[in-house]
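K.L.:
Supplied structure: upload_17.tsv, TSV, C-alpha atoms.
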```tsv
chain	number	residue	atom	x	y	z
S	175	MET	CA	-68.63	89.91	144.71
S	176	GLU	CA	-68.47	91.48	148.15
S	177	GLN	CA	-71.78	92.44	149.77
S	178	SER	CA	-72.76	93.95	153.11
S	179	VAL	CA	-75.54	93.48	155.66
S	180	GLN	CA	-76.62	95.49	158.71
S	181	VAL	CA	-76.69	93.49	161.94
S	182	MET	CA	-78.62	94.99	164.85
S	183	HIS	CA	-76.85	94.64	168.21
S	184	TRP	CA	-79.15	94.07	171.18
S	185	ASP	CA	-78.14	93.45	174.80
S	186	VAL	CA	-80.68	91.07	176.31
S	187	PHE	CA	-81.70	90.46	179.95
S	188	SER	CA	-80.58	93.95	180.94
S	189	LYS	CA	-81.84	97.51	180.66
S	190	GLU	CA	-78.25	98.78	180.41
S	191	LYS	CA	-76.12	98.79	177.29
S	192	HIS	CA	-73.14	96.42	177.39
S	193	LYS	CA	-74.67	94.39	180.20
S	194	GLY	CA	-76.69	91.18	179.82
S	195	ASN	CA	-76.10	89.03	176.74
S	196	PRO	CA	-75.35	90.53	173.30
S	197	ALA	CA	-77.16	89.16	170.26
S	198	GLY	CA	-77.00	90.04	166.60
S	199	VAL	CA	-80.22	90.32	164.58
S	200	VAL	CA	-80.62	90.29	160.80
S	201	LEU	CA	-84.19	90.95	159.66
S	202	ASP	CA	-85.57	89.86	156.26
S	203	ALA	CA	-82.71	87.38	155.87
S	204	ASP	CA	-84.33	85.16	153.21
S	205	PHE	CA	-81.73	86.22	150.61
S	206	LEU	CA	-78.82	84.77	152.62
S	207	THR	CA	-77.50	81.25	152.21
S	208	VAL	CA	-76.67	79.06	155.21
S	209	GLU	CA	-72.97	79.51	154.46
S	210	GLN	CA	-73.37	83.28	154.41
S	211	MET	CA	-75.30	83.26	157.70
S	212	GLN	CA	-72.52	81.23	159.30
S	213	LEU	CA	-69.86	83.60	157.98
S	214	ILE	CA	-71.77	86.68	159.21
S	215	ALA	CA	-72.20	85.12	162.68
S	216	LYS	CA	-68.49	84.38	162.82
S	217	LYS	CA	-67.64	87.97	161.88
S	218	VAL	CA	-70.10	89.42	164.41
S	219	GLY	CA	-68.53	87.21	167.10
S	220	PHE	CA	-71.44	87.14	169.56
S	221	ASN	CA	-72.49	83.88	171.16
S	222	GLU	CA	-75.51	83.94	168.84
S	223	THR	CA	-76.63	85.89	165.81
S	224	SER	CA	-80.21	85.35	164.64
S	225	PHE	CA	-81.62	85.54	161.12
S	226	VAL	CA	-85.32	86.13	160.50
S	227	ASP	CA	-86.96	84.37	157.54
S	228	GLU	CA	-90.51	83.91	156.31
S	229	SER	CA	-92.36	80.84	157.60
S	230	ASN	CA	-95.15	78.68	156.20
S	231	VAL	CA	-96.18	77.41	159.66
S	232	ALA	CA	-95.65	80.41	161.96
S	233	ASP	CA	-95.48	84.20	161.89
S	234	PHE	CA	-91.69	84.13	161.53
S	235	LYS	CA	-88.84	81.68	161.27
S	236	ILE	CA	-85.58	82.27	163.14
S	237	ARG	CA	-82.25	80.57	162.49
S	238	TYR	CA	-79.52	80.87	165.10
S	239	PHE	CA	-75.76	80.70	164.56
S	240	THR	CA	-72.82	80.73	166.94
S	241	PRO	CA	-69.46	81.61	165.37
S	242	GLY	CA	-68.93	77.85	164.98
S	243	HIS	CA	-72.25	76.23	164.05
S	244	GLU	CA	-76.04	76.51	163.80
S	245	MET	CA	-78.21	76.11	166.93
S	246	ASN	CA	-81.74	74.71	167.13
S	247	MET	CA	-82.94	77.51	169.39
S	248	CYS	CA	-81.67	80.36	171.54
S	249	GLY	CA	-83.58	82.23	174.22
S	250	HIS	CA	-81.80	85.57	174.32
S	251	ALA	CA	-81.50	85.76	170.52
S	252	THR	CA	-85.26	85.13	170.18
S	253	MET	CA	-85.94	87.99	172.55
S	254	ALA	CA	-83.55	90.22	170.61
S	255	VAL	CA	-85.51	89.44	167.42
S	256	SER	CA	-88.80	90.26	169.17
S	257	PHE	CA	-87.59	93.66	170.35
S	258	ALA	CA	-86.02	94.35	166.94
S	259	LEU	CA	-89.32	93.58	165.18
S	260	GLN	CA	-91.11	95.84	167.65
S	261	LYS	CA	-88.62	98.66	167.05
S	262	MET	CA	-89.04	98.35	163.28
S	263	LYS	CA	-92.86	98.10	163.63
S	264	LYS	CA	-92.93	94.67	161.98
S	265	LEU	CA	-94.73	92.73	164.71
S	266	PRO	CA	-98.15	91.17	163.99
S	267	THR	CA	-101.04	93.16	165.42
S	268	LYS	CA	-101.96	90.59	168.06
S	269	LYS	CA	-101.01	89.89	171.66
S	270	GLU	CA	-99.13	86.68	170.94
S	271	TRP	CA	-97.36	85.39	167.86
S	272	SER	CA	-95.54	82.25	166.81
S	273	VAL	CA	-91.91	81.60	165.87
S	274	GLU	CA	-90.66	78.60	163.92
S	275	THR	CA	-87.33	77.23	165.16
S	276	GLU	CA	-85.49	73.97	164.57
S	277	ALA	CA	-86.56	72.98	168.10
S	278	GLY	CA	-90.27	73.53	167.37
S	279	ILE	CA	-92.84	76.31	167.17
S	280	LEU	CA	-92.79	78.70	170.12
S	281	SER	CA	-95.23	81.35	171.36
S	282	ILE	CA	-93.92	84.87	172.05
S	283	SER	CA	-95.53	87.94	173.57
S	284	ILE	CA	-94.12	91.38	174.29
S	285	ASP	CA	-95.15	94.49	176.14
S	286	GLU	CA	-93.44	97.84	176.66
S	287	SER	CA	-90.95	96.50	179.19
S	288	SER	CA	-90.43	92.77	178.69
S	289	CYS	CA	-90.71	89.81	176.34
S	290	LYS	CA	-92.13	86.42	177.32
S	291	MET	CA	-90.98	83.34	175.44
S	292	GLN	CA	-92.46	79.88	175.75
S	293	GLN	CA	-89.98	77.02	175.82
S	294	MET	CA	-90.39	73.33	175.16
S	295	ASN	CA	-91.36	71.12	178.12
S	296	PRO	CA	-88.16	70.22	180.01
S	297	SER	CA	-86.45	66.85	179.58
S	298	PHE	CA	-83.70	65.43	181.78
S	299	GLN	CA	-81.18	62.64	181.44
S	300	ALA	CA	-78.84	61.34	184.12
S	301	PHE	CA	-75.14	62.20	184.04
S	302	ARG	CA	-73.19	58.94	184.39
S	303	GLY	CA	-69.70	60.28	183.79
S	304	ASP	CA	-66.75	60.85	186.08
S	305	LYS	CA	-67.62	63.66	188.52
S	306	GLU	CA	-64.01	64.47	189.35
S	307	ARG	CA	-63.15	64.78	185.66
S	308	LEU	CA	-66.21	67.00	185.15
S	309	MET	CA	-65.29	69.34	187.99
S	310	GLU	CA	-61.69	69.56	186.80
S	311	SER	CA	-62.99	70.71	183.40
S	312	ILE	CA	-64.40	73.87	185.05
S	313	GLY	CA	-61.48	74.44	187.42
S	314	LEU	CA	-63.12	73.08	190.59
S	315	THR	CA	-62.93	69.95	192.75
S	316	ILE	CA	-65.56	67.43	193.71
S	317	ASP	CA	-65.83	69.13	197.12
S	318	ASP	CA	-67.51	72.07	195.36
S	319	LEU	CA	-70.44	69.88	194.24
S	320	HIS	CA	-73.75	70.14	196.07
S	321	ASP	CA	-74.36	66.73	197.59
S	322	SER	CA	-78.19	66.92	197.73
S	323	PHE	CA	-79.03	67.60	194.07
S	324	PRO	CA	-78.20	65.52	190.97
S	325	ILE	CA	-76.04	66.40	187.98
S	326	VAL	CA	-78.29	66.03	184.91
S	327	TYR	CA	-78.43	66.87	181.22
S	328	GLY	CA	-81.45	69.12	180.70
S	329	SER	CA	-83.23	70.61	177.70
S	330	THR	CA	-86.09	72.95	176.88
S	331	GLY	CA	-84.95	72.95	173.25
S	332	ILE	CA	-81.16	72.87	173.68
S	333	TRP	CA	-79.26	70.38	175.85
S	334	THR	CA	-76.91	71.56	178.59
S	335	LEU	CA	-75.38	69.88	181.64
S	336	LEU	CA	-76.77	71.26	184.90
S	337	VAL	CA	-74.15	71.11	187.66
S	338	PRO	CA	-75.34	72.02	191.21
S	339	ILE	CA	-72.62	73.84	193.16
S	340	ARG	CA	-72.43	74.02	196.95
S	341	GLY	CA	-71.87	77.78	197.29
S	342	LEU	CA	-71.40	81.12	195.58
S	343	GLU	CA	-67.70	81.46	196.37
S	344	ALA	CA	-66.80	78.71	193.89
S	345	PHE	CA	-68.10	80.73	190.93
S	346	SER	CA	-65.24	83.23	191.12
S	347	ARG	CA	-62.77	80.29	190.98
S	348	MET	CA	-64.31	78.65	187.92
S	349	LYS	CA	-62.20	78.39	184.78
S	350	PRO	CA	-63.42	76.42	181.76
S	351	PHE	CA	-60.98	74.04	180.10
S	352	GLN	CA	-63.00	73.39	176.97
S	353	ASP	CA	-60.61	70.80	175.59
S	354	LYS	CA	-61.61	68.59	178.53
S	355	PHE	CA	-65.38	68.95	177.98
S	356	PRO	CA	-65.94	66.17	175.41
S	357	ASP	CA	-64.10	63.61	177.54
S	358	ALA	CA	-66.06	64.63	180.66
S	359	LEU	CA	-69.40	64.62	178.82
S	360	ARG	CA	-69.32	61.10	177.41
S	361	GLU	CA	-73.12	60.84	176.88
S	362	MET	CA	-73.41	64.22	175.09
S	363	PRO	CA	-69.91	65.46	174.22
S	364	ARG	CA	-71.07	68.54	172.27
S	365	VAL	CA	-73.20	70.19	174.99
S	366	SER	CA	-72.46	73.18	177.21
S	367	ILE	CA	-71.91	73.12	180.99
S	368	HIS	CA	-74.19	75.17	183.24
S	369	PRO	CA	-73.11	75.32	186.91
S	370	PHE	CA	-75.59	76.92	189.32
S	371	CYS	CA	-76.22	77.41	193.03
S	372	MET	CA	-79.02	78.56	195.35
S	373	GLU	CA	-76.90	81.29	196.97
S	374	THR	CA	-77.15	84.66	195.19
S	375	ILE	CA	-75.47	88.06	195.10
S	376	HIS	CA	-78.66	90.07	194.60
S	377	SER	CA	-81.29	89.60	197.31
S	378	GLU	CA	-84.16	89.49	194.80
S	379	ALA	CA	-82.59	86.62	192.82
S	380	ASP	CA	-83.37	82.95	193.54
S	381	MET	CA	-80.54	81.20	191.67
S	382	HIS	CA	-77.03	82.08	190.47
S	383	ALA	CA	-75.37	80.61	187.36
S	384	ARG	CA	-72.61	80.65	184.77
S	385	HIS	CA	-72.70	79.02	181.33
S	386	PHE	CA	-69.66	77.56	179.59
S	387	SER	CA	-70.09	77.02	175.86
S	388	SER	CA	-69.53	73.84	173.92
S	389	PRO	CA	-65.96	73.79	172.57
S	390	TYR	CA	-67.47	73.43	169.08
S	391	SER	CA	-69.37	76.72	169.25
S	392	GLY	CA	-66.44	79.10	168.79
S	393	THR	CA	-67.18	80.91	172.08
S	394	ILE	CA	-66.15	80.35	175.70
S	395	GLU	CA	-68.88	81.67	178.00
S	396	ASP	CA	-72.46	82.80	177.47
S	397	ALA	CA	-73.14	85.88	179.59
S	398	VAL	CA	-76.85	85.39	180.41
S	399	THR	CA	-78.53	82.27	179.05
S	400	GLY	CA	-82.29	82.16	178.41
S	401	THR	CA	-82.69	78.51	177.43
S	402	ALA	CA	-80.51	77.23	180.25
S	403	SER	CA	-82.37	79.45	182.74
S	404	GLY	CA	-85.61	77.84	181.55
S	405	VAL	CA	-84.07	74.41	182.14
S	406	MET	CA	-83.07	75.59	185.64
S	407	GLY	CA	-86.72	76.38	186.31
S	408	GLY	CA	-87.68	72.86	185.25
S	409	TYR	CA	-84.85	71.45	187.41
S	410	TYR	CA	-86.06	73.48	190.41
S	411	ALA	CA	-89.60	72.14	190.01
S	412	THR	CA	-88.37	68.56	189.52
S	413	TYR	CA	-85.52	68.13	191.99
S	414	ILE	CA	-85.52	71.01	194.50
S	415	LYS	CA	-89.16	71.86	195.33
S	416	PRO	CA	-91.34	69.34	193.46
S	417	ASP	CA	-94.45	69.93	195.61
S	418	GLU	CA	-95.68	73.20	194.08
S	419	ASP	CA	-97.86	73.90	191.03
S	420	LYS	CA	-96.50	77.31	190.00
S	421	TYR	CA	-93.05	78.85	190.22
S	422	LYS	CA	-91.63	82.27	189.43
S	423	LEU	CA	-87.85	82.41	189.75
S	424	SER	CA	-85.26	85.10	189.14
S	425	VAL	CA	-81.92	83.85	187.80
S	426	GLU	CA	-78.82	86.06	187.99
S	427	GLN	CA	-75.95	85.41	185.60
S	428	GLY	CA	-72.94	87.12	184.02
S	429	ILE	CA	-71.76	88.89	187.16
S	430	GLU	CA	-68.30	87.28	187.14
S	431	ILE	CA	-67.62	88.60	183.63
S	432	GLY	CA	-69.12	92.08	184.14
S	433	LYS	CA	-72.40	91.37	182.33
S	434	ASP	CA	-74.85	91.23	185.27
S	435	GLY	CA	-78.22	90.17	183.81
S	436	ARG	CA	-81.50	88.74	185.01
S	437	VAL	CA	-83.87	86.12	183.60
S	438	ILE	CA	-87.36	85.57	185.01
S	439	VAL	CA	-88.45	81.93	184.73
S	440	GLU	CA	-92.12	80.92	185.02
S	441	VAL	CA	-93.01	77.26	185.48
S	442	GLU	CA	-96.49	75.77	185.72
S	443	ARG	CA	-97.29	72.14	186.39
S	444	GLN	CA	-99.89	70.67	184.00
S	445	GLY	CA	-100.48	67.07	185.07
S	446	ALA	CA	-97.24	65.20	184.46
S	447	ASP	CA	-95.81	68.02	182.33
S	448	LEU	CA	-94.05	71.25	183.22
S	449	GLU	CA	-94.74	74.31	181.07
S	450	VAL	CA	-91.78	76.69	181.05
S	451	ALA	CA	-91.48	80.28	179.89
S	452	ILE	CA	-88.78	82.90	180.31
S	453	ARG	CA	-89.20	86.66	180.51
S	454	GLY	CA	-86.65	89.41	180.01
S	455	THR	CA	-85.79	92.87	178.79
S	456	ALA	CA	-83.48	94.10	176.01
S	457	THR	CA	-81.62	97.26	175.06
S	458	TYR	CA	-80.77	98.35	171.52
S	459	VAL	CA	-77.08	99.24	171.17
S	460	ASP	CA	-76.24	99.96	167.52
S	461	GLU	CA	-75.87	98.48	164.04
S	462	ILE	CA	-72.85	96.58	162.80
S	463	ASN	CA	-71.98	96.63	159.11
S	464	ILE	CA	-70.71	93.21	158.04
S	465	THR	CA	-69.26	92.44	154.62
S	466	TYR	CA	-69.44	88.95	153.13
S	467	ARG	CA	-69.30	87.08	149.85
```
Any chance you could give the structure as structure tokens?
P.N.:
Amino acid sequence: MEQSVQVMHWDVFSKEKHKGNPAGVVLDADFLTVEQMQLIAKKVGFNETSFVDESNVADFKIRYFTPGHEMNMCGHATMAVSFALQKMKKLPTKKEWSVETEAGILSISIDESSCKMQQMNPSFQAFRGDKERLMESIGLTIDDLHDSFPIVYGSTGIWTLLVPIRGLEAFSRMKPFQDKFPDALREMPRVSIHPFCMETIHSEADMHARHFSSPYSGTIEDAVTGTASGVMGGYYATYIKPDEDKYKLSVEQGIEIGKDGRVIVEVERQGADLEVAIRGTATYVDEINITYR
């Protein structure tokens, strides 16, 4: 029997509609099976669609699906859920609330203009693959690599490969060849690739990035990536300027594909650990009616 569900469309990390990163939100999704969630996400077609369930350990539980598979966590989709709950007046009456994800329990807060999302403490692993093969997979050469910073796998809940690029000009030449990703990423063949540089288009930004999806996700490029921006903050505090205790960085992303968005990353050193949070805005666009079985 065919059924239908309303999916809220939010554009995250921008105050303009059709900029930033689109996310689908389904509230009160307890009645859906995993297979139905996956089908709905595929029909919506965004990089992530989020489904809000009840939780026994937090205020809410969120499950995240790309068109191709389920994700442990997603920054921009979590923010979309937060703004959707605020719009529907379903937020807890407290300053901060908790969200259960497959990556762990996260703390979220929201005000009239922005949402702040805690991420997991960053982890890094060395990239030991072929650098030339890696650069070919995104349409560049090894000469485009920054020679002072390392290529590393990084995670604040989701693993991605952080690739430091020498300059901004290379970003307009990038072209992902996803079929080459698994061979280039021998240690973690299912992860995404996140090239970045310290040169920016907007004067108020600190870092510039693009994000090329895992070939298994069913998408090609993520417009503005919250989790990877958080990892960039941890990278900055670990490899670029490791002598400070607090950082506040602005990451610009999506410009090359017409989605110009901004993520604020806050990093605080607590002993040997780095605490990372991201902050951003969101704009409600409309509702999408999706039919499924």
K.L.:
Which residue out of S:Phe225, S:Phe355, S:Phe257, S:Tyr421 has the minimum interatomic distance to Ile282 in chain S when all atoms listed in the file are used?
P.N.:
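So, comparing all the options, the nearest one is S:Phe257.
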K.L.:
For the atom pair CA of Gly408 in chain S and CA of Leu319 in chain S, what is the interatomic distance in Å to one decimal place?
P.N.:
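Taking CA of Gly408 in chain S and CA of Leu319 in chain S, their separation equals 19.7 Å.
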K.L.:
Residues at most 6 Å from His250 in chain S, counting all atoms listed in the file, excluding those fewer than 2 positions away in the same chain, as number ranges by chain?
P.N.:
S: 186, 248, 252-253, 400
K.L.:
Compile the contact shell of Pro356 in chain S as JSON, numbers by chain: residues with an atom at most 10 Å away, counting all atoms listed in the file, same-chain residues fewer than 2 positions apart removed.
P.N.:
{"S": [308, 311, 352, 353, 354, 358, 359, 360, 361, 362, 363, 364, 365, 366, 388, 389, 390]}
K.L.:
Mind giving me the straight-line distance from CA of Ile367 in chain S to CA of Leu336 in chain S in Å, one decimal?
P.N.:
6.5 Å
K.L.:
Rank nothing, just name the residue among S:Pro338, S:Gly454, S:Pro266, S:Pro296 nearest to Thr399 in chain S, using only C-alpha atoms.
P.N.:
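Going through S:Pro338, S:Gly454, S:Pro266, S:Pro296 one by one, the smallest distance to Thr399 in chain S is for S:Gly454.
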K.L.:
Using all atoms listed in the file, find the one residue out of S:Asp396, S:Asp304, S:Asp380, S:Glu310 that sits nearest to Arg347 in chain S.
P.N.:
S:Glu310
K.L.:
What does the distance from CA of Arg384 in chain S to CA of Asp285 in chain S come to in Å, to one decimal?
P.N.:
27.8 Å
K.L.:
Pick from S:Lys415, S:Ser188, S:Val437, S:Gly331: nearest to Asn295 in chain S, with all atoms listed in the file counted?
P.N.:
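Looking only at the distances to Asn295 in chain S, the closest residue turns out to be S:Gly331.
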K.L.:
Find the smallest box with edges along x, y and z containing every listed atom of range 428-433 of chain S, then add 6 Å on each side and report centre and edge lengths in Å to one decimal, as JSON.
P.N.:
```
{"center_x": -70.3, "center_y": 89.6, "center_z": 184.7, "size_x": 17.3, "size_y": 17.0, "size_z": 16.8}
```
K.L.:
Every residue with an atom at most 8 Å from (-70.2, 92.3, 154.7) (file coordinates; only C-alpha atoms) is what I'm after, so could you write them as a tab-separated table (two decimals) with C-alpha atoms, keeping the file's coordinate frame?
P.N.:
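So the final result, stored in out25.tsv, reads:
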```
chain	number	residue	atom	x	y	z
S	176	GLU	CA	-68.47	91.48	148.15
S	177	GLN	CA	-71.78	92.44	149.77
S	178	SER	CA	-72.76	93.95	153.11
S	179	VAL	CA	-75.54	93.48	155.66
S	214	ILE	CA	-71.77	86.68	159.21
S	463	ASN	CA	-71.98	96.63	159.11
S	464	ILE	CA	-70.71	93.21	158.04
S	465	THR	CA	-69.26	92.44	154.62
S	466	TYR	CA	-69.44	88.95	153.13
S	467	ARG	CA	-69.30	87.08	149.85
```
K.L.:
List as number ranges by chain the protein and nucleic acid residues near range 229-239 of chain S, meaning an atom at most 10 Å away when all atoms listed in the file are counted, but skip any in the same chain fewer than 5 places from it.
P.N.:
S: 198-204, 208, 211-216, 220-224, 244-248, 251-252, 255, 265-266, 271-276, 279-281, 391
K.L.:
Would you list the contacts of range 402-406 of chain S as a ChimeraX atom specification, taking every protein, DNA or RNA residue within 10 Å and counting only C-alpha atoms, but skipping same-chain residues closer than 3 positions in sequence?
P.N.:
/S:248-249,291-298,327-336,366-368,370,381-385,398-399,409-412,423-427,436-441,449-453
